[in-house]
Amino acid sequence: MTDALTTPLTQALGCRLPVIQTAMGWIATPELVAASSNAGAFGFLAGAVMTPAELAEAIARLRDLTPHRFGVNFHSFQPGAAAIVDLIVANSDRVGAVSFGRGPDAKMIGRFKDAGILCIPTVGAVKHAEKMVQLGCEMITVQGGEGGGHTGAVATTVLLPQVLDAVEVPVVAAGGFADGRGLAAALAYGAAGIAMGTRFLMTSDSPIPDRSKSAYVRAGTGDIIVSTKIDGIPQRMILTPAMRRIEASGKLAMWKRAIEAGLAMKRQTGASFGELLRAARGMTSHGNLSLPQAMMAAAAPMLIQKAVVDGDTENGLLATGLVGGRLGDLPSCADLLSSIEKDARARLAALRGLD
């Protein structure tokens, strides 16, 4: 009898459980990726917030921390993107997949496929899922509106079946998942598995400071909002003091944050003003952002970094999925995935008993 938790996701990526740990900036470090991968999931490294040199170091460290294959997330418009693609391909013996939003073209996707690396973009609309499949992607992660960070308006329970009906490739469900019953539900819909960000962020293996973890544990669903004030596009965040100030701010304050963030990014990445401008232009063409929105989008990562790296929850932003509002513990990745597996198997067995 076929194992109920053996799916196209586990078969393609070689993980024990059909669960993906998503690539959250500054959170999906080698240590968290190793912890999730060693516990049975497939972990993605957050390369989108790294320079090529930083990513090379992170991949080398991760190779020593886990025997399993892992994924790398990147943006085709980030500074050093070409070098990052070369780095990923050079490590194709261990990098099993890449994740990204809209950005890579058919040529780049073809290069990953030729290297044996699976392309698993994250999409929030049916048309984007269809486009990614047309470009050659062989698996899709679909994130419903419950997801953290940039998010759409369509709930997972509506968007997931829409995408499943629209494409012929395996689909991974994201947005609102945190436990075994969620995994069982996603498999019942026809998904190949689930992807979770907030649940892995809220583990003892997560690298974020204790002060920030406490803020996540304390937050209820009523403390989580969707704001368009950060860069003009809906983003789901915990209502921290900084988020309250942003919600009350006008356009001038938003532009001030964007300029400050651009300068901070220049200092952190070593990119020239020309490279930052090209990155912003890439965001406008691939992300449907206006140039002002693309410039303001630079502010969010710096503010998120302030909270999840420095532990400054007063002045930083805490991105979260809505599911974070019902989570109140910080298990290890091993305990989390053991619980998910046990619960999912029990619920799937109960459903089979109804036949």
# chains A, B, ... in the order shown; residues from 1 in each chain; ligands from 1
$ residues_around --residues "Gln305 (chain A)" --least-positions-apart "4" --cutoff "8 Å" --atoms "only C-alpha atoms" --output "number ranges by chain"
A: 25-26, 301, 309-310, 316-317
$ residues_around --residues "Arg347 (chain A)" --least-positions-apart "5" --cutoff "8 Å" --atoms "only C-alpha atoms" --output "JSON, numbers by chain"
{"A": [180, 181, 184]}
$ select_by_dssp --residues "region 109-262 of chain A" --states "strand (DSSP E)" --output "PyMOL selection string"
chain A and resi 118-119+122-123+140-143+149-150+171-174+193-196+224-227+235-238
$ select_by_dssp --residues "region 155-274 of chain A" --states "alpha helix (DSSP H)" --output "PyMOL selection string"
chain A and resi 156-166+180-189+198-201+210-218+241-247+251-269+273-274
$ closest_atom_pairs --of "region 8-118 of chain A" --to "region 166-169 of chain A" --cutoff "12 Å" --atoms "only C-alpha atoms" --output "Markdown table"
| residue | atom | partner | partner_atom | distance |
| --- | --- | --- | --- | --- |
| A:Pro8 | CA | A:Val169 | CA | 9.4 |
| A:Leu9 | CA | A:Val169 | CA | 10.7 |
| A:Ala12 | CA | A:Val169 | CA | 11.9 |
| A:Leu118 | CA | A:Val169 | CA | 12.0 |
$ write_last_selection --atoms "all heavy atoms" --output "tab-separated table (two decimals), in the first residue's frame"
chain	number	residue	atom	x	y	z
A	8	PRO	N	4.32	13.64	-4.99
A	8	PRO	CA	5.28	14.14	-5.98
A	8	PRO	C	6.33	15.07	-5.38
A	8	PRO	O	7.45	15.16	-5.89
A	8	PRO	CB	4.39	14.88	-6.98
A	8	PRO	CG	3.08	14.15	-6.92
A	8	PRO	CD	2.91	13.79	-5.48
A	9	LEU	N	5.99	15.75	-4.28
A	9	LEU	CA	6.95	16.64	-3.63
A	9	LEU	C	8.07	15.84	-2.99
A	9	LEU	O	9.26	16.12	-3.20
A	9	LEU	CB	6.24	17.50	-2.58
A	9	LEU	CG	7.03	18.64	-1.92
A	9	LEU	CD1	6.07	19.70	-1.38
A	9	LEU	CD2	7.91	18.14	-0.78
A	12	ALA	N	10.21	14.14	-5.71
A	12	ALA	CA	11.07	15.03	-6.49
A	12	ALA	C	12.22	15.60	-5.68
A	12	ALA	O	13.33	15.79	-6.20
A	12	ALA	CB	10.24	16.16	-7.09
A	118	LEU	N	15.10	21.81	-9.47
A	118	LEU	CA	13.66	22.04	-9.66
A	118	LEU	C	13.33	23.50	-9.38
A	118	LEU	O	13.79	24.08	-8.39
A	118	LEU	CB	12.88	21.15	-8.70
A	118	LEU	CG	11.38	20.95	-8.97
A	118	LEU	CD1	11.17	20.18	-10.26
A	118	LEU	CD2	10.75	20.19	-7.80
$ residues_around --residues "Arg69 (chain A)" --least-positions-apart "6" --cutoff "6 Å" --atoms "only C-alpha atoms" --output "PDB file with N, CA, C and O atoms, in the first residue's frame"
ATOM      1  N   ARG A  94      23.886  19.466  -4.370  1.00  0.00           N
ATOM      2  CA  ARG A  94      23.187  19.562  -3.098  1.00  0.00           C
ATOM      3  C   ARG A  94      21.959  20.479  -3.152  1.00  0.00           C
ATOM      4  O   ARG A  94      21.051  20.329  -2.342  1.00  0.00           O
ATOM      5  N   VAL A  95      21.943  21.433  -4.053  1.00  0.00           N
ATOM      6  CA  VAL A  95      20.784  22.323  -4.187  1.00  0.00           C
ATOM      7  C   VAL A  95      19.751  21.634  -5.074  1.00  0.00           C
ATOM      8  O   VAL A  95      19.947  21.491  -6.282  1.00  0.00           O
ATOM      9  N   GLY A  96      18.664  21.214  -4.467  1.00  0.00           N
ATOM     10  CA  GLY A  96      17.656  20.460  -5.203  1.00  0.00           C
ATOM     11  C   GLY A  96      16.592  21.303  -5.851  1.00  0.00           C
ATOM     12  O   GLY A  96      15.886  20.848  -6.762  1.00  0.00           O
TER      13      GLY A  96
END
$ closest_residue --among "A:Asn38, A:Gln235, A:Thr29, A:Ser249" --to "Cys15 (chain A)" --atoms "only C-alpha atoms"
A:Asn38
$ atom_distance --atom1 "CA of Ala173 (chain A)" --atom2 "CA of Ile194 (chain A)"
4.6 Å
$ atom_distance --atom1 "CA of Val72 (chain A)" --atom2 "CA of Leu164 (chain A)"
24.5 Å
$ residues_around --residues "Val154 (chain A)" --least-positions-apart "2" --cutoff "7 Å" --atoms "only C-alpha atoms" --output "MDAnalysis selection string"
chainID A and resid 144:145 152 156 158:159
$ closest_residue --among "A:Arg218, A:Lys107, A:Arg61, A:Arg16" --to "Val33 (chain A)" --atoms "only C-alpha atoms"
A:Arg61
$ closest_residue --among "A:Ile246, A:Val19, A:Leu183, A:Val126" --to "Gln143 (chain A)" --atoms "only C-alpha atoms"
A:Val126
$ residues_around --residues "His75 (chain A)" --least-positions-apart "4" --cutoff "9 Å" --atoms "only C-alpha atoms" --output "list in words"
Gly47, Ala48, Val49, Pro79, Ala81, Ser99, Phe100, Gly101, Arg102, Gly103 and Pro104 of chain A
$ closest_residue --among "A:Ser92, A:Ala178, A:Leu322, A:Ala23" --to "Ile340 (chain A)" --atoms "only C-alpha atoms"
A:Ala178
$ atom_distance --atom1 "CA of Thr10 (chain A)" --atom2 "CA of Ala58 (chain A)"
24.0 Å
$ decode --residues "region 197-241 of chain A" --atoms "C-alpha atoms" --output "short mmCIF file (atom, residue, chain, number, x, y, z; two decimals), in the first residue's frame"
data_model
loop_
_atom_site.label_atom_id
_atom_site.label_comp_id
_atom_site.auth_asym_id
_atom_site.auth_seq_id
_atom_site.Cartn_x
_atom_site.Cartn_y
_atom_site.Cartn_z
CA GLY A 197 6.98 30.04 7.02
CA THR A 198 5.52 31.41 10.25
CA ARG A 199 5.33 27.98 11.89
CA PHE A 200 9.07 27.40 11.28
CA LEU A 201 9.84 30.96 12.38
CA MET A 202 8.07 30.13 15.65
CA THR A 203 10.37 27.26 16.63
CA SER A 204 13.23 26.98 19.10
CA ASP A 205 15.54 26.46 16.10
CA SER A 206 14.61 29.82 14.60
CA PRO A 207 17.50 32.31 14.82
CA ILE A 208 15.42 35.37 15.72
CA PRO A 209 16.03 36.95 19.15
CA ASP A 210 13.95 35.87 22.14
CA ARG A 211 12.35 39.31 22.38
CA SER A 212 11.00 39.00 18.85
CA LYS A 213 9.89 35.41 19.42
CA SER A 214 7.95 36.59 22.46
CA ALA A 215 6.18 39.18 20.31
CA TYR A 216 5.11 36.45 17.89
CA VAL A 217 3.88 34.23 20.74
CA ARG A 218 1.88 37.09 22.29
CA ALA A 219 0.23 38.21 19.05
CA GLY A 220 -3.36 37.10 18.47
CA THR A 221 -5.20 37.19 15.18
CA GLY A 222 -6.55 40.63 16.12
CA ASP A 223 -2.97 41.93 16.36
CA ILE A 224 -2.19 41.04 12.74
CA ILE A 225 -3.08 43.40 9.91
CA VAL A 226 -2.65 43.80 6.17
CA SER A 227 -1.12 47.18 5.32
CA THR A 228 -0.49 48.97 2.03
CA LYS A 229 1.51 51.72 3.73
CA ILE A 230 4.88 49.96 3.53
CA ASP A 231 5.35 49.98 -0.24
CA GLY A 232 1.88 50.33 -1.70
CA ILE A 233 1.29 46.58 -1.94
CA PRO A 234 -0.63 44.62 0.73
CA GLN A 235 1.65 43.09 3.34
CA ARG A 236 0.65 41.13 6.44
CA MET A 237 2.38 42.23 9.62
CA ILE A 238 2.05 42.15 13.40
CA LEU A 239 0.84 45.50 14.68
CA THR A 240 4.09 46.55 16.36
CA PRO A 241 4.75 50.14 17.48
#
